[in-house]
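This is final-v8.txt. It holds compact mmCIF, C-alpha atoms.
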```txt
# COMPACT_ATOMS: atom_id res chain seq x y z
CA MET O 1 145.71 54.79 35.67
CA SER O 2 142.47 55.26 37.58
CA ALA O 3 140.99 53.71 40.71
CA THR O 4 138.59 51.60 38.62
CA GLU O 5 141.28 49.88 36.57
CA LEU O 6 142.61 46.48 37.47
CA TYR O 7 146.13 46.42 38.84
CA ASP O 8 148.69 43.77 38.15
CA THR O 9 149.68 42.66 41.65
CA SER O 10 152.09 40.06 40.34
CA SER O 11 154.72 42.74 39.66
CA ALA O 12 156.54 45.00 42.09
CA MET O 13 155.26 48.09 40.24
CA GLY O 14 151.62 46.98 40.60
CA ARG O 15 152.02 46.28 44.33
CA LEU O 16 153.74 49.67 44.80
CA PHE O 17 150.90 51.45 43.02
CA ILE O 18 148.24 49.72 45.15
CA THR O 19 150.19 50.63 48.30
CA LEU O 20 150.36 54.28 47.20
CA VAL O 21 146.63 54.43 46.40
CA ALA O 22 145.80 52.88 49.81
CA ALA O 23 148.11 55.32 51.60
CA MET O 24 146.49 58.28 49.83
CA ALA O 25 143.00 57.04 50.75
CA HIS O 26 144.09 56.59 54.38
CA TRP O 27 145.58 60.11 54.45
CA GLU O 28 142.42 61.63 52.95
CA ARG O 29 140.21 59.85 55.51
CA GLU O 30 142.32 61.07 58.43
CA ASN O 31 142.58 64.58 57.00
CA THR O 32 138.79 64.78 56.58
CA GLY O 33 138.32 63.60 60.18
CA GLU O 34 140.70 66.29 61.46
CA ARG O 35 138.87 69.03 59.52
CA ILE O 36 135.47 67.90 60.80
CA SER O 37 136.79 67.73 64.37
CA ALA O 38 138.20 71.26 64.07
CA VAL O 39 134.83 72.59 62.85
CA HIS O 40 133.01 70.85 65.72
CA TYR O 41 135.50 72.28 68.23
CA GLU O 42 134.91 75.82 66.94
CA ARG O 43 131.14 75.35 67.09
CA ALA O 44 131.39 74.03 70.65
CA LYS O 45 133.47 77.07 71.65
CA LYS O 46 130.66 79.26 70.31
CA GLY O 47 128.14 77.34 72.43
CA GLN O 48 126.42 75.54 69.54
CA TRP O 49 124.89 72.16 70.36
CA LEU O 50 126.48 69.39 68.26
CA SER O 51 124.65 66.17 69.02
CA GLN O 52 121.25 64.79 70.03
CA ALA O 53 119.44 66.67 72.74
CA PRO O 54 119.91 65.24 76.24
CA TYR O 55 116.94 64.15 78.34
CA GLY O 56 114.82 67.12 79.40
CA PHE O 57 115.79 69.27 76.42
CA LYS O 58 115.05 69.66 72.71
CA ILE O 59 117.10 71.21 69.92
CA VAL O 60 115.99 74.56 68.51
CA LYS O 61 117.57 77.00 66.08
CA LYS O 62 118.20 80.52 67.32
CA GLU O 63 119.82 83.53 65.76
CA ILE O 64 122.76 84.68 67.85
CA ASP O 65 125.11 87.41 66.63
CA GLY O 66 123.53 87.23 63.17
CA GLU O 67 124.16 83.49 62.85
CA GLN O 68 121.64 80.63 63.02
CA ILE O 69 122.88 78.10 65.56
CA LYS O 70 121.48 74.95 67.14
CA THR O 71 120.95 75.21 70.86
CA LEU O 72 118.81 73.59 73.53
CA GLU O 73 115.48 74.51 75.02
CA GLN O 74 113.75 72.83 77.94
CA CYS O 75 111.30 70.14 76.83
CA ASP O 76 107.96 70.52 78.63
CA LYS O 77 107.20 66.79 78.33
CA GLU O 78 110.50 65.52 79.80
CA LEU O 79 111.36 68.32 82.24
CA PRO O 80 109.09 67.13 85.11
CA ILE O 81 110.64 63.65 84.89
CA LEU O 82 114.15 65.13 84.89
CA LYS O 83 113.35 67.25 87.94
CA ASP O 84 111.89 64.16 89.64
CA ILE O 85 115.15 62.26 89.04
CA ILE O 86 117.12 65.09 90.68
CA LYS O 87 114.66 65.35 93.58
CA ARG O 88 114.88 61.60 94.21
CA ILE O 89 118.68 61.68 94.27
CA LYS O 90 118.56 64.47 96.86
CA GLU O 91 116.08 62.38 98.90
CA GLY O 92 118.52 59.45 98.95
CA TYR O 93 117.17 57.17 96.23
CA SER O 94 119.74 55.09 94.38
CA THR O 95 120.07 55.34 90.62
CA ARG O 96 119.09 51.66 90.45
CA GLN O 97 115.86 52.36 92.36
CA ILE O 98 115.06 55.41 90.22
CA ALA O 99 115.55 53.38 87.02
CA LYS O 100 113.42 50.53 88.39
CA ASP O 101 110.61 52.89 89.47
CA PHE O 102 110.50 54.58 86.06
CA ASN O 103 110.58 51.25 84.23
CA ASP O 104 107.78 49.89 86.43
CA ALA O 105 105.73 53.05 85.83
CA GLY O 106 106.21 52.68 82.06
CA ILE O 107 108.01 56.01 81.66
CA PRO O 108 110.14 55.50 78.53
CA PRO O 109 113.68 56.81 78.13
CA LYS O 110 114.58 59.09 75.23
CA ARG O 111 116.31 56.21 73.45
CA GLY O 112 115.99 52.49 74.06
CA LYS O 113 113.36 50.46 75.86
CA ARG O 114 114.37 50.52 79.51
CA ARG O 115 116.24 52.78 81.87
CA HIS O 116 119.21 51.49 83.79
CA ILE O 117 121.81 52.85 86.20
CA LYS O 118 124.10 54.18 83.47
CA SER O 119 121.28 56.02 81.70
CA ILE O 120 120.28 57.77 84.94
CA MET O 121 123.94 58.63 85.64
CA GLY O 122 124.35 59.96 82.09
CA ILE O 123 121.36 62.23 82.56
CA VAL O 124 122.55 63.56 85.91
CA LYS O 125 126.22 64.05 84.93
CA ASN O 126 125.39 66.03 81.78
CA PRO O 127 126.62 69.67 81.96
CA ALA O 128 123.55 70.69 79.93
CA LEU O 129 121.72 70.69 83.28
CA TYR O 130 123.54 73.91 84.20
CA GLY O 131 123.69 75.51 80.74
CA HIS O 132 126.96 74.13 79.37
CA LEU O 133 128.00 71.53 76.81
CA ARG O 134 130.73 68.90 76.68
CA TRP O 135 132.88 68.48 73.60
CA LYS O 136 135.32 65.61 74.02
CA ASP O 137 136.90 66.35 77.43
CA GLN O 138 136.16 70.09 77.54
CA ILE O 139 133.18 71.98 78.94
CA PHE O 140 131.91 75.10 77.14
CA LYS O 141 129.21 77.65 77.98
CA SER O 142 126.15 77.08 75.83
CA HIS O 143 123.32 79.41 74.81
CA HIS O 144 120.60 77.51 76.62
CA GLU O 145 119.16 77.96 80.08
CA GLY O 146 119.99 75.19 82.50
CA ILE O 147 117.64 73.86 85.15
CA MET O 148 120.15 74.31 87.99
CA THR O 149 123.34 76.15 88.86
CA LYS O 150 126.81 74.66 88.55
CA GLU O 151 127.03 74.51 92.35
CA GLU O 152 123.76 72.55 92.58
CA HIS O 153 125.02 70.18 89.88
CA ASP O 154 128.30 69.66 91.72
CA HIS O 155 126.32 68.96 94.90
CA ILE O 156 124.27 66.25 93.12
CA LEU O 157 127.46 64.66 91.77
CA GLN O 158 129.01 64.74 95.24
CA ILE O 159 125.94 62.99 96.68
CA LEU O 160 126.29 60.25 94.08
CA LYS O 161 130.04 59.97 94.64
CA ASP O 162 129.61 59.68 98.42
CA ARG O 163 127.09 56.86 97.98
CA SER O 164 128.99 54.92 95.33
CA HIS O 165 130.44 51.52 96.07
CA VAL O 166 133.32 50.47 93.89
CA LYS O 167 133.37 46.72 93.49
CA LYS O 168 136.83 45.25 93.67
CA ARG O 169 137.28 41.63 92.89
CA ASN O 170 140.17 39.65 94.27
CA VAL O 171 141.45 38.02 91.09
CA ASN O 172 144.86 36.90 89.96
CA SER O 173 144.29 37.34 86.24
CA THR O 174 143.39 40.30 84.05
CA TYR O 175 140.70 40.12 81.41
CA ILE O 176 140.29 42.68 78.67
CA TYR O 177 136.60 43.33 79.31
CA GLN O 178 136.69 43.04 83.12
CA ALA O 179 134.55 45.87 84.59
CA LYS O 180 133.95 47.25 81.07
CA ILE O 181 130.91 45.25 80.02
CA SER O 182 127.98 44.88 82.33
CA CYS O 183 124.47 43.56 82.01
CA TYR O 184 121.91 46.36 82.14
CA GLN O 185 119.61 44.23 84.28
CA CYS O 186 122.20 43.37 86.94
```

Transcribe the structure of this file into structure tokens.
Amino acid sequence: MSATELYDTSSAMGRLFITLVAAMAHWERENTGERISAVHYERAKKGQWLSQAPYGFKIVKKEIDGEQIKTLEQCDKELPILKDIIKRIKEGYSTRQIAKDFNDAGIPPKRGKRRHIKSIMGIVKNPALYGHLRWKDQIFKSHHEGIMTKEEHDHILQILKDRSHVKKRNVNSTYIYQAKISCYQC
């Protein structure tokens, strides 16, 4: 039998065969995912960039130890804006105000139409700023030059943490999407 043949699902043997084919397809999909994840983990350990370039950087190919790898390089067009975001945070601006100012000035984000609090936070929290990369929950040294030291990055994150206000609602019921979905304009 092949996958293109029709199966007789009215008999126990036909239902068993369909169950076996589905189980094999499920196993192959999970096995492929595990192999891809293992390859990405090894590349991350070597400092190779695995995804889209974060704001302020661009992807370039470099030869390191005889191997062509993808790494980051500072983007001349976006770098002044990135440094302005960091400067404004140090001066006491909120991420909401920074996003609003950039939207009002017509400075586009890398992806999407408007900046919002989460996009500014994503830019600032990225370990690429100090020459590292994040793969899942781990941080690895990358082959690119950051725009600040790890200590400066930690200082920026501490500033943001000290100024954050966690909203707690006094509710008696729990909703699945409570505090998970938010409007980007609010």

Sorted by chain and rising residue number, which residues of segment 80-178 of chain O lie within 10 Å of segment 68-75 of chain O, and what are their closest atom pairs and distances in Å to one decimal, counting only C-alpha atoms, as JSON lines?
```
{"residue": "O:Pro80", "atom": "CA", "partner": "O:Cys75", "partner_atom": "CA", "distance": 9.1}
{"residue": "O:Leu82", "atom": "CA", "partner": "O:Cys75", "partner_atom": "CA", "distance": 9.9}
{"residue": "O:Ala128", "atom": "CA", "partner": "O:Leu72", "partner_atom": "CA", "distance": 8.5}
{"residue": "O:Leu129", "atom": "CA", "partner": "O:Gln74", "partner_atom": "CA", "distance": 9.8}
{"residue": "O:Gly131", "atom": "CA", "partner": "O:Leu72", "partner_atom": "CA", "distance": 8.9}
{"residue": "O:Leu133", "atom": "CA", "partner": "O:Thr71", "partner_atom": "CA", "distance": 9.9}
{"residue": "O:Ser142", "atom": "CA", "partner": "O:Thr71", "partner_atom": "CA", "distance": 7.4}
{"residue": "O:His143", "atom": "CA", "partner": "O:Thr71", "partner_atom": "CA", "distance": 6.2}
{"residue": "O:His144", "atom": "CA", "partner": "O:Leu72", "partner_atom": "CA", "distance": 5.3}
{"residue": "O:Glu145", "atom": "CA", "partner": "O:Glu73", "partner_atom": "CA", "distance": 7.1}
{"residue": "O:Gly146", "atom": "CA", "partner": "O:Gln74", "partner_atom": "CA", "distance": 8.1}
{"residue": "O:Ile147", "atom": "CA", "partner": "O:Gln74", "partner_atom": "CA", "distance": 8.3}
```

Distance criterion (all atoms listed in the file): nearest to Ile36 of chain O out of O:Gly122, O:Leu50, O:Ile81, O:Gln97: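 Ranked by minimum distance to Ile36 of chain O, first place goes to O:Leu50.
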
Residue nearest Ile123 of chain O among O:Met148, O:Ile181, O:Ile64, O:Ile85 (counting only C-alpha atoms):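 Ranking O:Met148, O:Ile181, O:Ile64, O:Ile85 by distance to Ile123 of chain O, first place goes to O:Ile85.
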
Name all residues at most 8 Å from segment 156-161 of chain O (count all atoms listed in the file; drop same-chain ones fewer than 6 positions away) and give them as a PDB file with C-alpha atoms, keeping the file's coordinate frame.
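In the end it all went to selection_28.pdb:
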```
ATOM      1  CA  ILE O  86     117.120  65.090  90.680  1.00  0.00           C
ATOM      2  CA  ILE O  89     118.680  61.680  94.270  1.00  0.00           C
ATOM      3  CA  LYS O  90     118.560  64.470  96.860  1.00  0.00           C
ATOM      4  CA  VAL O 124     122.550  63.560  85.910  1.00  0.00           C
ATOM      5  CA  LYS O 125     126.220  64.050  84.930  1.00  0.00           C
TER       6      LYS O 125
END
```

Two-atom distance - atom CA of Tyr130 of chain O, atom CA of His153 of chain O (Å):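 So the two atoms, atom CA of Tyr130 of chain O and atom CA of His153 of chain O, lie 7.0 Å apart.
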
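Of the residues under consideration (O:Ile98, O:Glu151, O:Trp49, O:Ser11), O:Ile98 shows the shortest atom-to-atom contact distance to Lys118 of chain O when counting only C-alpha atoms.
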
One-decimal distance in Å that lies between atom CA of Ala53 of chain O and atom CA of Ile107 of chain O: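 Interatomic distance here is 18.0 Å.
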
Answer as a ChimeraX atom specification, residues within 10 Å of (134.0, 71.7, 73.9) using only C-alpha atoms: /O:40-50,132-142

Between atom CA of Phe57 of chain O and atom CA of Ala38 of chain O, distance in Å (one decimal):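 It comes out at 25.7 Å.
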
Neighbour list for Pro109 of chain O as a PyMOL selection string, cut-off 10 Å, all atoms listed in the file, skip fewer than 3 positions in-chain: chain O and resi 55+78+99+102-103+106+112-116+119-120

Selected residue of minimal separation from Arg163 of chain O among O:Gly92, O:Met121, O:Val21, O:Pro108, counting all atoms listed in the file: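 Closest to Arg163 of chain O of all the choices is O:Gly92.
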